[in-house]
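Pasted below: structure_26.txt, compact mmCIF, C-alpha atoms and all ligand atoms.
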```txt
# COMPACT_ATOMS: atom_id res chain seq x y z
CA MET A 151 97.50 91.15 141.47
CA GLU A 152 99.68 90.26 138.49
CA PHE A 153 101.83 87.59 136.88
CA THR A 154 104.73 87.72 134.46
CA TYR A 155 105.13 85.89 131.21
CA GLU A 156 108.16 86.16 128.92
CA GLY A 157 109.42 89.15 130.87
CA LYS A 158 106.18 91.12 130.62
CA SER A 159 103.84 91.63 133.55
CA TYR A 160 100.10 91.17 133.24
CA PRO A 161 97.79 92.88 135.72
CA VAL A 162 94.89 90.80 136.95
CA ILE A 163 91.61 92.08 138.34
CA LEU A 164 90.56 89.87 141.23
CA GLU A 165 87.04 89.74 142.50
CA ARG A 166 85.81 87.65 145.41
CA LYS A 167 82.54 85.98 144.59
CA ARG A 168 80.47 82.96 145.38
CA VAL A 169 81.97 80.78 142.65
CA LYS A 170 83.13 77.20 142.89
CA ASN A 171 86.91 77.76 142.87
CA ILE A 172 88.64 80.08 140.45
CA ASN A 173 87.11 81.45 137.27
CA LEU A 174 89.11 83.34 134.72
CA HIS A 175 88.05 85.30 131.72
CA ILE A 176 89.53 87.79 129.36
CA ARG A 177 87.46 90.86 128.78
CA THR A 178 86.86 92.45 125.42
CA ASP A 179 89.61 95.02 126.17
CA GLY A 180 92.11 92.23 126.87
CA SER A 181 92.20 92.72 130.65
CA ILE A 182 92.38 89.58 132.73
CA TYR A 183 89.61 89.06 135.20
CA VAL A 184 89.58 86.41 137.93
CA SER A 185 86.77 85.60 140.27
CA ALA A 186 87.51 83.35 143.21
CA ALA A 187 85.64 82.02 146.18
CA PRO A 188 86.44 83.90 149.42
CA ARG A 189 88.09 80.81 150.92
CA VAL A 190 90.69 80.45 148.11
CA PRO A 191 93.97 81.96 149.38
CA GLU A 192 95.77 84.46 147.20
CA HIS A 193 98.87 82.29 146.78
CA VAL A 194 96.69 79.57 145.25
CA ILE A 195 95.32 82.07 142.73
CA GLN A 196 98.86 83.27 142.02
CA ALA A 197 100.02 79.70 141.43
CA PHE A 198 97.04 79.11 139.14
CA LEU A 199 97.96 82.20 137.09
CA GLU A 200 101.60 81.22 136.82
CA LYS A 201 100.77 77.66 135.86
CA ASN A 202 98.48 78.86 133.06
CA ALA A 203 100.49 81.93 132.03
CA ALA A 204 101.46 80.43 128.68
CA ARG A 205 97.77 80.22 127.76
CA ILE A 206 96.44 83.35 129.46
CA ALA A 207 99.04 85.88 128.30
CA PRO A 208 98.84 85.11 124.55
CA ALA A 209 95.02 85.05 124.74
CA SER A 210 95.02 88.49 126.35
CA ASN A 211 97.55 89.76 123.79
CA ARG A 212 95.40 88.50 120.94
CA VAL A 213 92.37 90.42 122.19
CA ARG A 214 94.41 93.59 122.68
CA GLU A 215 96.00 93.20 119.26
CA LYS A 216 92.59 92.88 117.63
CA ARG A 217 91.47 96.12 119.20
CA ARG A 218 94.62 97.84 118.02
CA ARG A 219 94.12 96.56 114.49
CA PRO A 220 94.61 99.33 112.00
CA GLU A 221 91.68 100.60 110.03
CA PHE A 222 92.20 100.17 106.33
CA THR A 223 90.34 103.30 105.35
CA ASP A 224 91.44 105.58 102.51
CA GLY A 225 94.16 107.82 103.97
CA ALA A 226 94.87 105.54 106.95
CA SER A 227 98.38 105.43 108.36
CA LEU A 228 100.06 102.03 108.67
CA PRO A 229 103.42 101.21 110.28
CA TRP A 230 105.87 99.83 107.75
CA LEU A 231 109.53 99.07 108.53
CA GLY A 232 109.45 101.59 111.34
CA GLU A 233 107.88 104.42 109.36
CA PRO A 234 104.26 105.37 108.80
CA ILE A 235 102.92 104.90 105.29
CA THR A 236 99.66 106.28 103.97
CA LEU A 237 97.10 103.99 102.42
CA ARG A 238 95.44 105.28 99.25
CA TRP A 239 92.47 103.60 97.65
CA SER A 240 92.37 103.52 93.88
CA ASP A 241 88.97 102.88 92.33
CA LYS A 242 90.65 101.59 89.17
CA PRO A 243 92.26 98.15 89.20
CA CYS A 244 95.99 98.49 89.81
CA PRO A 245 98.77 96.45 91.36
CA THR A 246 99.49 97.38 94.97
CA SER A 247 102.52 99.62 94.95
CA LEU A 248 104.52 101.74 97.33
CA GLY A 249 105.66 105.11 96.00
CA GLY A 250 107.52 107.19 98.56
CA SER A 251 105.42 106.76 101.67
CA THR A 252 102.12 106.18 99.86
CA LEU A 253 100.80 102.69 99.33
CA THR A 254 98.23 102.55 96.55
CA VAL A 255 95.79 99.67 96.57
CA PHE A 256 92.82 98.82 94.40
CA ALA A 257 89.97 98.97 96.93
CA ARG A 258 86.44 100.18 97.35
CA ASP A 259 86.04 99.31 101.01
CA PRO A 260 88.29 98.59 104.02
CA ALA A 261 87.99 94.82 103.61
CA GLU A 262 89.35 94.99 100.05
CA ALA A 263 92.07 97.38 101.18
CA GLU A 264 93.10 95.07 104.00
CA TYR A 265 93.19 92.12 101.62
CA ALA A 266 95.36 93.99 99.12
CA PHE A 267 97.66 95.24 101.86
CA THR A 268 98.03 91.77 103.37
CA GLN A 269 98.91 90.19 100.02
CA TRP A 270 101.48 92.89 99.37
CA ARG A 271 102.93 92.66 102.90
CA ASN A 272 103.25 88.88 102.69
CA ALA A 273 105.15 89.03 99.41
CA ALA A 274 107.43 91.80 100.71
CA CYS A 275 108.04 89.83 103.89
CA ILE A 276 109.04 86.66 102.04
CA ALA A 277 111.49 88.59 99.85
CA LEU A 278 113.01 90.49 102.77
CA PHE A 279 113.32 87.51 105.11
CA ARG A 280 114.90 85.43 102.36
CA GLN A 281 117.51 88.13 101.84
CA LEU A 282 118.17 88.65 105.57
CA ASN A 283 118.43 84.91 106.09
CA THR A 284 121.23 84.64 103.53
CA GLU A 285 122.96 87.76 104.85
CA THR A 286 122.86 86.58 108.45
CA HIS A 287 124.05 83.11 107.54
CA ASP A 288 126.92 84.53 105.49
CA ALA A 289 127.92 86.86 108.34
CA PHE A 290 128.22 83.93 110.75
CA VAL A 291 130.13 81.80 108.26
CA SER A 292 132.53 84.68 107.47
CA ALA A 293 133.14 85.06 111.21
CA GLY A 294 134.18 81.41 111.33
CA TYR A 295 131.04 79.89 112.88
CA SER A 296 129.52 76.72 111.57
CA VAL A 297 125.80 77.35 111.19
CA PRO A 298 123.29 75.93 108.71
CA LEU A 299 121.40 78.09 106.24
CA ALA A 300 118.11 78.17 108.16
CA ARG A 301 114.78 77.20 106.72
CA ILE A 302 112.55 80.16 107.48
CA GLU A 303 108.97 79.82 108.50
CA ILE A 304 106.93 83.00 108.62
CA LYS A 305 104.25 83.03 111.28
CA ASN A 306 101.80 85.44 112.81
CA MET A 307 102.64 85.19 116.50
CA THR A 308 101.41 87.17 119.47
CA SER A 309 104.02 86.47 122.11
CA ARG A 310 107.39 86.15 120.38
CA TRP A 311 109.39 87.66 117.54
CA GLY A 312 111.18 84.53 116.50
CA SER A 313 112.25 81.07 117.53
CA CYS A 314 114.92 78.63 116.52
CA THR A 315 114.87 74.84 116.39
CA ALA A 316 118.57 74.07 116.10
CA ARG A 317 117.99 70.34 115.63
CA THR A 318 116.05 70.80 112.40
CA GLY A 319 117.71 74.04 111.26
CA ARG A 320 114.42 75.90 111.28
CA ILE A 321 113.80 79.47 112.32
CA SER A 322 110.31 80.88 112.79
CA MET A 323 109.94 84.60 112.25
CA ASN A 324 106.99 86.77 113.17
CA ILE A 325 105.41 88.57 110.22
CA ARG A 326 104.52 91.47 112.54
CA LEU A 327 108.18 92.43 112.45
CA MET A 328 107.41 94.14 109.13
CA GLN A 329 106.07 97.06 111.18
CA TYR A 330 109.49 97.64 112.77
CA PRO A 331 112.76 99.12 111.55
CA LEU A 332 115.02 96.90 109.51
CA GLY A 333 117.57 96.97 112.35
CA CYS A 334 115.06 95.26 114.64
CA ILE A 335 114.34 92.55 112.09
CA ARG A 336 118.08 92.01 111.58
CA GLY A 337 118.43 91.76 115.36
CA VAL A 338 115.90 88.93 115.51
CA PHE A 339 117.71 87.10 112.70
CA PHE A 340 121.03 87.42 114.52
CA HIS A 341 119.39 86.37 117.79
CA GLU A 342 117.91 83.22 116.29
CA TYR A 343 121.09 82.32 114.39
CA THR A 344 123.06 82.64 117.63
CA HIS A 345 120.83 79.87 119.00
CA PHE A 346 122.50 77.51 116.52
CA LEU A 347 125.60 77.98 118.70
CA HIS A 348 124.01 78.43 122.13
CA MET A 349 120.56 77.07 122.89
CA ASP A 350 120.12 79.23 125.99
CA HIS A 351 120.31 82.95 126.78
CA SER A 352 123.57 82.62 128.68
CA ALA A 353 126.39 85.16 128.85
CA ALA A 354 128.14 83.16 126.12
CA PHE A 355 125.05 83.51 123.92
CA TYR A 356 124.96 87.30 124.31
CA ALA A 357 128.72 87.58 123.81
CA VAL A 358 128.39 86.00 120.36
CA LEU A 359 125.22 87.92 119.54
CA ARG A 360 126.67 91.32 120.45
CA ARG A 361 129.88 90.59 118.62
CA MET A 362 127.99 89.56 115.51
CA TYR A 363 125.48 92.39 115.72
CA PRO A 364 126.73 95.30 117.86
CA PRO A 365 123.49 97.41 117.75
CA TYR A 366 121.49 94.44 119.07
CA ASP A 367 120.52 95.94 122.43
CA ARG A 368 119.32 99.21 120.96
CA TYR A 369 117.01 97.49 118.48
CA ASP A 370 115.91 94.85 120.94
CA ALA A 371 114.75 97.62 123.28
CA LEU A 372 112.47 98.93 120.51
CA LEU A 373 110.77 95.55 120.27
CA LYS A 374 110.11 95.26 123.98
ZN ZN A 401 116.28 83.41 122.21
```

Kindly return the structure encoded in the file as structure tokens.
Amino acid sequence: MEFTYEGKSYPVILERKRVKNINLHIRTDGSIYVSAAPRVPEHVIQAFLEKNAARIAPASNRVREKRRRPEFTDGASLPWLGEPITLRWSDKPCPTSLGGSTLTVFARDPAEAEYAFTQWRNAACIALFRQLNTETHDAFVSAGYSVPLARIEIKNMTSRWGSCTARTGRISMNIRLMQYPLGCIRGVFFHEYTHFLHMDHSAAFYAVLRRMYPPYDRYDALLK
């Protein structure tokens, strides 16, 4: 059994048991487990899953994500803008810095290393998103479109890369994008800016998006 949410399908393990109606829980590996009384027909369970998909899918993703969390050990490899970088612990206090593909942090244990990495990533993310926001805005304006300069909110999201609230001129961007190539991040900026012109994902929306950012499909595929 399975259900789909935001274009992704989620397998569900169904077990018939003497329970009241339908019980659902997410296991420690993120798999979705449903127990249902023998008399509950499958289409009722299916409808239950679809109705609650917006809660179940992100919860499952969160658990999976946690398990996949990188280890911040000395020598660990971390994805950064589509390339692996190597984490190096320094036992002497130093600012976190990236030299080539080595990120040096002042850390004596993984928790300190994760903290230093997170601070550094957040600062890099703010700087990069600010720059891409201006660039994307300018590209639309140069092409003759009337779009606002978005106010960017950076969030840690499990189920989407970005979102746009045209009414308030706000765009939310997922900080996890920092793991992916710059082209992917640009693609999300162009996608969200196109929503200032088309609120849906219609053919007209994609026509503008692909005209504004021709490699969109290639980079979007990497994010899927
Ligand atoms: Zn969209």

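The gap separating atom CA of A:Arg205 from atom CA of A:Arg301 is 27.2 Å, in Å to one decimal.
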
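One finds atom CA of A:Gly157 at 20.1 Å from atom CA of A:His348.
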
**Message:** Can you work out which residues are within 12 Å of ligand ZN 401 (chain A), considering all atoms listed in the file, and then hand them over as number ranges by chain?
**Reply:** A: 156, 310-316, 321-323, 337-352, 355-356, 359, 370

**Asked** Got a sec to check which residues sit within 7 Å of (109.5, 99.4, 109.3), counting all atoms listed in the file, and write them as a VMD selection string?
**Response** chain A and resid 229 to 233 328 to 332

**Asked** What residues have an atom no more than 6 Å from (100.8, 90.6, 121.6) in the file's own frame, counting only C-alpha atoms, and can you write them as a ChimeraX atom specification?
**Response** /A:211-212,215,308-309

Could the residues in this selection be saved with C-alpha atoms as a compact mmCIF listing (two decimals), keeping the file's coordinate frame?
```txt
# COMPACT_ATOMS: atom_id res chain seq x y z
CA ASN A 211 97.55 89.76 123.79
CA ARG A 212 95.40 88.50 120.94
CA GLU A 215 96.00 93.20 119.26
CA THR A 308 101.41 87.17 119.47
CA SER A 309 104.02 86.47 122.11
```
